[in-house]
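Student: First the structure, which I've put down as structure tokens, then a few questions once you've had a look.
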Number of protein chains: 2
Amino acid sequence: MPNSSPRPVTTHDVARRAGVSQATVSLVLSGNPRARVARATRERVLEVAEELGYRPNILARGLVRGKSYAIGVVVPDLTNPFYLDVVTGVQRVMAEAGYAVLPGDTRESTPIRHLEALRARQVDGVIIDGVGAAALPHDALSELKVVVVDEPSERWPGVASDALAAGRMAAEHLAGLGHRRVAFIGPATDVHGFRMRERGFFQALREGGIGLPHEWLRRAPPTVSGGLAAMKALLSSPRRPTAVFCANDLIAMGALKAALKAGVDVPRELSIVGCDDVEMASVVTPELTTIAIPARELGARAARLLLRQLDGQEVSVKPGKPLPVRLVRRATTAAAPEGPGDTEHGTAGNG
Amino acid sequence: MPNSSPRPVTTHDVARRAGVSQATVSLVLSGNPRARVARATRERVLEVAEELGYRPNILARGLVRGKSYAIGVVVPDLTNPFYLDVVTGVQRVMAEAGYAVLPGDTRESTPIRHLEALRARQVDGVIIDGVGAAALPHDALSELKVVVVDEPSERWPGVASDALAAGRMAAEHLAGLGHRRVAFIGPATDVHGFRMRERGFFQALREGGIGLPHEWLRRAPPTVSGGLAAMKALLSSPRRPTAVFCANDLIAMGALKAALKAGVDVPRELSIVGCDDVEMASVVTPELTTIAIPARELGARAARLLLRQLDGQEVSVKPGKPLPVRLVRRATTAAAPEGPGDTEHGTAGNG
DNA sequence: CGTATTAGCTAATACGCATTAACAACCCAC
DNA sequence: GTGGGTTGTTAATGCGTATTAGCTAATACG
């Protein structure tokens, strides 16, 4: 039986048992591989450590090294599978490096409060996604290594997906299917990723000569219920669009739900395209056409970037090339219905 | 500007500035409210602490108190919204108590390895759900306070939902709708919650005089794709059931998907009932009839139970009353179709 | 006035580990 | 053999906090 004592085994215990000093034990066990320790001694120590079931106290180690070997991740909503995927990506690479990750969302809190708590825990760094990092007060992140996701910044390094392209792809896909009466549902937010999706969409739309009247630009929280309500409103308007782009898949699924509930035939009467390609996108019926964003990869890269900083390396804040996104054609988009033609109306656009 | 120095503010800094000793600062700031400190001194210390932006180093505190103020949660799959809800419940009450929570799943790992990592981090306790705690080797959890969810145990306190009732409700609901040819899809697992759902289902079925042939008992991983494959197999068999109970909502959504894809009319030709009532259950079309399990509440209670232990209180391992579950009737269940009657076949049952 | 008693504070120590300066032992060459 | 190097080990210190024993000054008491 390895250890039945209630008190955890320390380096002192190992030292005593192995007949060496605590320092030697530390030298052997604390990584530092270039420490000059005789082969025999090293083996003896390792042996005893194993025998006693020694495990280093990460807190103590952190105290002396001035690191906690933990990082925080703050996202708006862990319930959104997209952000969960990002966190998963982070967790994977961080776990390998021996770091713990403390995920948290701001559903019932604020980024500030979260960051406070994380700092109290002495986390070594944070990864921030989707909560408008740019708007955070300057000192909320002082003394902290930071990586931002999908939010270019001059202060911190970051990784991003090609959100602009995502929006463009949606527009081009719909335009290619002959749609000219298209709507948009997205949150009123200053979160960069969302804004770029929107901008790309309108950009490509405009280039295709397609306008978008004000009543077809619906603001809604980026959730299922948000999308549901927005689509309901959209359908009750006198003139209906034949297609809609939703800023994320949750909105899109809500929109789809509302459409089906109203007896609208998707995709024959109405095409819907989402964004993110969460797992559920291919579970709903009909399956959701969407723009796939490499969430896990985003998380993984953000983590690696943070690790580099934690290793003391300088990391450029210059944004790298955004990660490519891709259209996933599924069953919620189809050719525009033969309608009463495309009537002219005030093309509002956006920007 | 509160603090522009790179080095965090310590009790020593506060002490120096306030003209008292570090010990006094600690006495004032470390909670211990019955410490004898003069009112004036206390106020002065608090003032200076505020001014310098002092925040306690939780690691150092943990070191001396022998606690880390962190706990772990291990579940099989954080991607499953049910478990995520449990974790959310945990997180909420733990955050209030000043504890960090390290969530982790066993998708690409094992409970053992996870627990190892958690112990290396000196977590003070763990909450275990859905990973077969009973089967864990005895020493994987030594020196750790433990609470198990949905898994009665003689070793650790726990909280549970009324899984047996969940299964019964499903059976009774289907029986009440006139179904007599019912199937079951669930994982081959020793996770107690799943087994109880299954047992309750078969129990009530038997009491209703309904048998279930072997080919209608399908084993599948508790995921969407698991449910999809199982239902596909079920539909390709010569004799189809008119209803199916799925051990969780993911399976049910997969099953629904497969049915719709095969052109089966749900619920007219086939009724489906799931279990958990995850958010997506009401997003798919048709909306899923399911048994609601109070996931958040489970998590919250587990957390409170763990907190009691961490406070040094003795906590009974005797199981309390299980949390009630309830049937949520939605759109995937309907009266059994008028079929070619109920043919007699070898009623296999289960158990 | 001398002695208990108390309030208010501090010095010292410990927590478990990493790190470094210093030391001991040994080898080589001259 | 003595000086200089190399190698292996250790004593000592510090990380930031909590805690305890103990000190001082003030107050109470006979």
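Residues are referred to by chain and number: the chain letter is A, B, ... according to the order shown in the structure tokens, the number counts from 1 in that chain, and ligands are numbered separately from 1 in the order shown.
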Define the interface residues of chain A facing chain D as those within 10 Å, counting only C-alpha atoms (C1' of nucleotides), and report them as a list in words.
Tutor: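 Matching residues, ligands excluded from the count: Val20, Ser21, Gln22, Ala23, Thr24, Ala35, Arg36, Val37, Ala38, Thr41, Ala60, Arg61, Gly62, Leu63, Val64, Arg65 and Gly66 of chain A.
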Student: Mind dumping the selected residues with N, CA and C atoms as a CSV table (one decimal), in the first residue's frame?
Tutor:
chain,number,residue,atom,x,y,z
A,20,VAL,N,19.1,11.6,1.6
A,20,VAL,CA,19.7,12.7,1.0
A,20,VAL,C,19.0,14.0,1.5
A,21,SER,N,19.4,15.1,1.0
A,21,SER,CA,18.8,16.3,1.5
A,21,SER,C,17.5,16.7,0.6
A,22,GLN,N,16.7,17.5,1.2
A,22,GLN,CA,15.5,17.9,0.5
A,22,GLN,C,15.9,18.6,-0.8
A,23,ALA,N,17.0,19.3,-0.8
A,23,ALA,CA,17.4,20.0,-2.0
A,23,ALA,C,17.7,19.1,-3.2
A,24,THR,N,18.3,18.0,-2.8
A,24,THR,CA,18.6,17.0,-3.8
A,24,THR,C,17.4,16.4,-4.4
A,35,ALA,N,20.5,19.5,-14.1
A,35,ALA,CA,21.1,19.5,-12.7
A,35,ALA,C,22.1,18.4,-12.6
A,36,ARG,N,23.2,18.8,-11.9
A,36,ARG,CA,24.2,17.8,-11.8
A,36,ARG,C,24.0,16.9,-10.6
A,37,VAL,N,23.4,15.8,-10.9
A,37,VAL,CA,23.1,14.8,-9.8
A,37,VAL,C,23.6,13.5,-10.3
A,38,ALA,N,24.3,12.8,-9.4
A,38,ALA,CA,24.8,11.5,-9.8
A,38,ALA,C,23.7,10.5,-10.1
A,41,THR,N,22.3,8.5,-7.3
A,41,THR,CA,21.4,9.3,-6.4
A,41,THR,C,20.1,9.5,-7.1
A,60,ALA,N,2.7,25.0,-3.9
A,60,ALA,CA,3.9,25.4,-3.3
A,60,ALA,C,4.9,25.8,-4.4
A,61,ARG,N,4.9,24.9,-5.4
A,61,ARG,CA,5.8,25.2,-6.5
A,61,ARG,C,5.5,26.5,-7.2
A,62,GLY,N,4.2,26.7,-7.3
A,62,GLY,CA,3.7,28.0,-7.9
A,62,GLY,C,4.1,29.2,-7.0
A,63,LEU,N,4.1,29.0,-5.8
A,63,LEU,CA,4.4,30.1,-4.9
A,63,LEU,C,5.8,30.5,-5.1
A,64,VAL,N,6.7,29.6,-5.1
A,64,VAL,CA,8.1,29.9,-5.2
A,64,VAL,C,8.5,30.4,-6.7
A,65,ARG,N,7.8,29.8,-7.6
A,65,ARG,CA,8.1,30.2,-9.0
A,65,ARG,C,7.3,31.4,-9.4
A,66,GLY,N,6.4,31.8,-8.6
A,66,GLY,CA,5.6,33.0,-8.9
A,66,GLY,C,4.7,32.7,-10.1
Student: Write out as an NGL selection string all residues of range 9-174 of chain B that DSSP puts in alpha helix (DSSP H) for this structure's backbone.
Tutor: :B and (11-18 or 22-29 or 39-52 or 58-65 or 81-96 or 111-120 or 163-174)
Student: Counting only C-alpha atoms, which residues from chain B have an atom at most 7 Å from any atom of chain A, and could you show them as a PyMOL selection string?
Tutor: chain B and resi 6+55-60+63+101-102+120-122+143+257+283-285
Student: One decimal, in Å: what's the spacing between CA of Val159 in chain A and CA of Phe202 in chain A?
Tutor: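 CA of Phe202 in chain A lies at a distance of 23.6 Å from CA of Val159 in chain A.
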Student: Please identify all polymer residues within 10 Å of range 14-16 of chain B, counting only C-alpha atoms (C1' of nucleotides), omitting same-chain residues fewer than 3 positions from it, and present them as a PyMOL selection string.
Tutor: chain B and resi 9-11+19-26+44-54
Student: Limited to N, CA and C atoms, could you put the picked residues into a file as a compact mmCIF listing (two decimals), in the first residue's frame?
Tutor:
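What landed in result21.txt:
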# COMPACT_ATOMS: atom_id res chain seq x y z
N VAL B 9 0.82 43.35 -5.04
CA VAL B 9 0.85 43.88 -3.68
C VAL B 9 0.69 42.76 -2.66
N THR B 10 1.53 42.74 -1.65
CA THR B 10 1.43 41.70 -0.63
C THR B 10 1.03 42.30 0.71
N THR B 11 0.82 41.45 1.65
CA THR B 11 0.48 41.93 2.99
C THR B 11 1.62 42.77 3.55
N GLY B 19 1.98 51.19 8.53
CA GLY B 19 2.74 51.32 9.77
C GLY B 19 2.40 50.28 10.81
N VAL B 20 2.06 49.10 10.36
CA VAL B 20 1.80 48.00 11.30
C VAL B 20 2.58 46.79 10.84
N SER B 21 2.44 45.70 11.54
CA SER B 21 3.15 44.49 11.14
C SER B 21 2.34 43.69 10.13
N GLN B 22 3.04 42.83 9.44
CA GLN B 22 2.36 41.98 8.47
C GLN B 22 1.29 41.12 9.15
N ALA B 23 1.61 40.69 10.36
CA ALA B 23 0.67 39.84 11.07
C ALA B 23 -0.66 40.55 11.29
N THR B 24 -0.55 41.81 11.64
CA THR B 24 -1.76 42.58 11.87
C THR B 24 -2.59 42.67 10.60
N VAL B 25 -1.91 42.92 9.52
CA VAL B 25 -2.61 42.99 8.25
C VAL B 25 -3.34 41.68 7.99
N SER B 26 -2.64 40.61 8.21
CA SER B 26 -3.25 39.31 7.99
C SER B 26 -4.47 39.12 8.87
N ARG B 44 -7.63 51.53 9.26
CA ARG B 44 -6.44 52.01 8.55
C ARG B 44 -5.93 50.94 7.57
N VAL B 45 -5.86 49.72 8.06
CA VAL B 45 -5.37 48.63 7.22
C VAL B 45 -6.27 48.43 6.00
N LEU B 46 -7.54 48.40 6.25
CA LEU B 46 -8.47 48.20 5.15
C LEU B 46 -8.31 49.30 4.11
N GLU B 47 -8.15 50.49 4.63
CA GLU B 47 -8.02 51.64 3.75
C GLU B 47 -6.79 51.51 2.86
N VAL B 48 -5.68 51.22 3.50
CA VAL B 48 -4.43 51.08 2.74
C VAL B 48 -4.52 49.92 1.75
N ALA B 49 -5.10 48.84 2.19
CA ALA B 49 -5.24 47.67 1.31
C ALA B 49 -6.01 48.06 0.06
N GLU B 50 -7.07 48.75 0.27
CA GLU B 50 -7.89 49.22 -0.84
C GLU B 50 -7.07 50.13 -1.75
N GLU B 51 -6.38 51.04 -1.11
CA GLU B 51 -5.61 52.03 -1.84
C GLU B 51 -4.54 51.39 -2.73
N LEU B 52 -3.90 50.38 -2.18
CA LEU B 52 -2.83 49.73 -2.94
C LEU B 52 -3.37 48.67 -3.89
N GLY B 53 -4.64 48.39 -3.75
CA GLY B 53 -5.21 47.35 -4.60
C GLY B 53 -4.74 45.96 -4.21
N TYR B 54 -4.67 45.75 -2.92
CA TYR B 54 -4.22 44.44 -2.46
C TYR B 54 -5.23 43.36 -2.79
Student: What lies within 7 Å of Asp150 in chain A using only C-alpha atoms (C1' of nucleotides), ignoring chain neighbours under 2 positions off, as a list of chain:residue names?
Tutor: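 Contacts, with the query itself left out: A:Asp129, A:Val148, A:Pro152, A:Val159, A:Ala160, A:Ser161, A:His192, A:Gly193.
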Student: If the cut-off is 7 Å, can you tell me the residues of chain C near chain B, counting only C-alpha atoms (C1' of nucleotides)? I'd like them as a list in words.
Tutor: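 Going by the stated atoms only, the list reads DG8, DT10 and DC15 of chain C.
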Student: Keeping only N, CA and C atoms (P, O5', C5', C4', C3', O3' and C1' of nucleotides), write those residues as a PDB file, in the first residue's frame.
Tutor:
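Output contents, as saved in again05.pdb:
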ATOM      1  P    DG C   8      -8.569  46.593  21.970  1.00  0.00           P
ATOM      2  O5'  DG C   8      -7.030  46.473  21.590  1.00  0.00           O
ATOM      3  C5'  DG C   8      -6.181  47.589  21.825  1.00  0.00           C
ATOM      4  C4'  DG C   8      -4.839  47.312  21.223  1.00  0.00           C
ATOM      5  C3'  DG C   8      -4.875  46.908  19.737  1.00  0.00           C
ATOM      6  O3'  DG C   8      -4.014  47.780  19.037  1.00  0.00           O
ATOM      7  C1'  DG C   8      -3.536  45.411  20.966  1.00  0.00           C
ATOM      8  P    DT C  10       2.087  46.117  14.911  1.00  0.00           P
ATOM      9  O5'  DT C  10       3.135  45.049  15.424  1.00  0.00           O
ATOM     10  C5'  DT C  10       3.978  45.371  16.513  1.00  0.00           C
ATOM     11  C4'  DT C  10       4.848  44.178  16.832  1.00  0.00           C
ATOM     12  C3'  DT C  10       5.556  43.567  15.621  1.00  0.00           C
ATOM     13  O3'  DT C  10       6.895  43.298  15.993  1.00  0.00           O
ATOM     14  C1'  DT C  10       4.319  41.902  16.751  1.00  0.00           C
ATOM     15  P    DC C  15       5.447  22.657   8.785  1.00  0.00           P
ATOM     16  O5'  DC C  15       4.423  22.665   7.572  1.00  0.00           O
ATOM     17  C5'  DC C  15       3.187  23.351   7.613  1.00  0.00           C
ATOM     18  C4'  DC C  15       2.846  23.854   6.238  1.00  0.00           C
ATOM     19  C3'  DC C  15       3.630  23.185   5.106  1.00  0.00           C
ATOM     20  O3'  DC C  15       2.822  22.161   4.534  1.00  0.00           O
ATOM     21  C1'  DC C  15       3.449  25.574   4.825  1.00  0.00           C
TER      22       DC C  15
END
Student: Give me the residues within 10 Å of Tyr83 in chain B as a VMD selection string, counting only C-alpha atoms (C1' of nucleotides) and dropping any in the same chain fewer than 4 places off.
Tutor: chain B and resid 74 to 79 87 to 89 105 129 to 130 276 278 295 to 296 299
Student: Would you mind exporting the chosen residues as a PDB file, in the first residue's frame, restricted to N, CA and C atoms?
Tutor:
ATOM      1  N   VAL B  74     -15.747  15.710 -12.543  1.00  0.00           N
ATOM      2  CA  VAL B  74     -15.494  14.853 -13.695  1.00  0.00           C
ATOM      3  C   VAL B  74     -16.779  14.197 -14.182  1.00  0.00           C
ATOM      4  N   VAL B  75     -17.018  14.398 -15.459  1.00  0.00           N
ATOM      5  CA  VAL B  75     -18.203  13.882 -16.135  1.00  0.00           C
ATOM      6  C   VAL B  75     -17.750  13.206 -17.419  1.00  0.00           C
ATOM      7  N   PRO B  76     -18.612  12.412 -18.014  1.00  0.00           N
ATOM      8  CA  PRO B  76     -18.172  11.705 -19.213  1.00  0.00           C
ATOM      9  C   PRO B  76     -18.016  12.606 -20.436  1.00  0.00           C
ATOM     10  N   ASP B  77     -18.842  13.626 -20.542  1.00  0.00           N
ATOM     11  CA  ASP B  77     -18.838  14.380 -21.794  1.00  0.00           C
ATOM     12  C   ASP B  77     -19.429  15.771 -21.595  1.00  0.00           C
ATOM     13  N   LEU B  78     -18.591  16.741 -21.599  1.00  0.00           N
ATOM     14  CA  LEU B  78     -19.060  18.119 -21.381  1.00  0.00           C
ATOM     15  C   LEU B  78     -19.849  18.637 -22.566  1.00  0.00           C
ATOM     16  N   THR B  79     -19.731  17.951 -23.659  1.00  0.00           N
ATOM     17  CA  THR B  79     -20.461  18.302 -24.864  1.00  0.00           C
ATOM     18  C   THR B  79     -21.946  18.002 -24.723  1.00  0.00           C
ATOM     19  N   VAL B  87     -22.513  20.887 -14.242  1.00  0.00           N
ATOM     20  CA  VAL B  87     -21.314  21.662 -13.927  1.00  0.00           C
ATOM     21  C   VAL B  87     -21.670  23.119 -13.635  1.00  0.00           C
ATOM     22  N   THR B  88     -22.589  23.647 -14.413  1.00  0.00           N
ATOM     23  CA  THR B  88     -23.016  25.022 -14.175  1.00  0.00           C
ATOM     24  C   THR B  88     -23.581  25.183 -12.773  1.00  0.00           C
ATOM     25  N   GLY B  89     -24.393  24.221 -12.378  1.00  0.00           N
ATOM     26  CA  GLY B  89     -24.955  24.258 -11.033  1.00  0.00           C
ATOM     27  C   GLY B  89     -23.863  24.236  -9.978  1.00  0.00           C
ATOM     28  N   ASP B 105     -13.810  16.233 -18.703  1.00  0.00           N
ATOM     29  CA  ASP B 105     -14.566  15.056 -19.091  1.00  0.00           C
ATOM     30  C   ASP B 105     -13.613  13.957 -19.533  1.00  0.00           C
ATOM     31  N   ASP B 129     -19.767  12.439 -11.716  1.00  0.00           N
ATOM     32  CA  ASP B 129     -21.080  12.162 -12.277  1.00  0.00           C
ATOM     33  C   ASP B 129     -20.959  11.349 -13.560  1.00  0.00           C
ATOM     34  N   GLY B 130     -21.605  10.216 -13.552  1.00  0.00           N
ATOM     35  CA  GLY B 130     -21.762   9.498 -14.805  1.00  0.00           C
ATOM     36  C   GLY B 130     -20.562   8.728 -15.304  1.00  0.00           C
ATOM     37  N   ASP B 276     -33.820  13.785 -19.996  1.00  0.00           N
ATOM     38  CA  ASP B 276     -32.920  14.864 -19.543  1.00  0.00           C
ATOM     39  C   ASP B 276     -33.584  16.228 -19.685  1.00  0.00           C
ATOM     40  N   VAL B 278     -32.788  18.490 -22.207  1.00  0.00           N
ATOM     41  CA  VAL B 278     -31.788  19.508 -22.534  1.00  0.00           C
ATOM     42  C   VAL B 278     -32.450  20.582 -23.384  1.00  0.00           C
ATOM     43  N   ALA B 295     -30.908  19.038 -13.747  1.00  0.00           N
ATOM     44  CA  ALA B 295     -29.453  18.927 -13.791  1.00  0.00           C
ATOM     45  C   ALA B 295     -28.751  19.984 -12.940  1.00  0.00           C
ATOM     46  N   ARG B 296     -29.135  21.228 -13.156  1.00  0.00           N
ATOM     47  CA  ARG B 296     -28.504  22.307 -12.390  1.00  0.00           C
ATOM     48  C   ARG B 296     -28.672  22.091 -10.902  1.00  0.00           C
ATOM     49  N   GLY B 299     -26.375  19.558  -9.610  1.00  0.00           N
ATOM     50  CA  GLY B 299     -25.039  20.107  -9.457  1.00  0.00           C
ATOM     51  C   GLY B 299     -24.936  20.990  -8.227  1.00  0.00           C
TER      52      GLY B 299
END
Student: Mind giving me the straight-line distance from CA of Gly125 in chain B to CA of Pro222 in chain B in Å, one decimal?
Tutor: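 Computing the Euclidean distance for CA of Gly125 in chain B and CA of Pro222 in chain B yields 27.2 Å.
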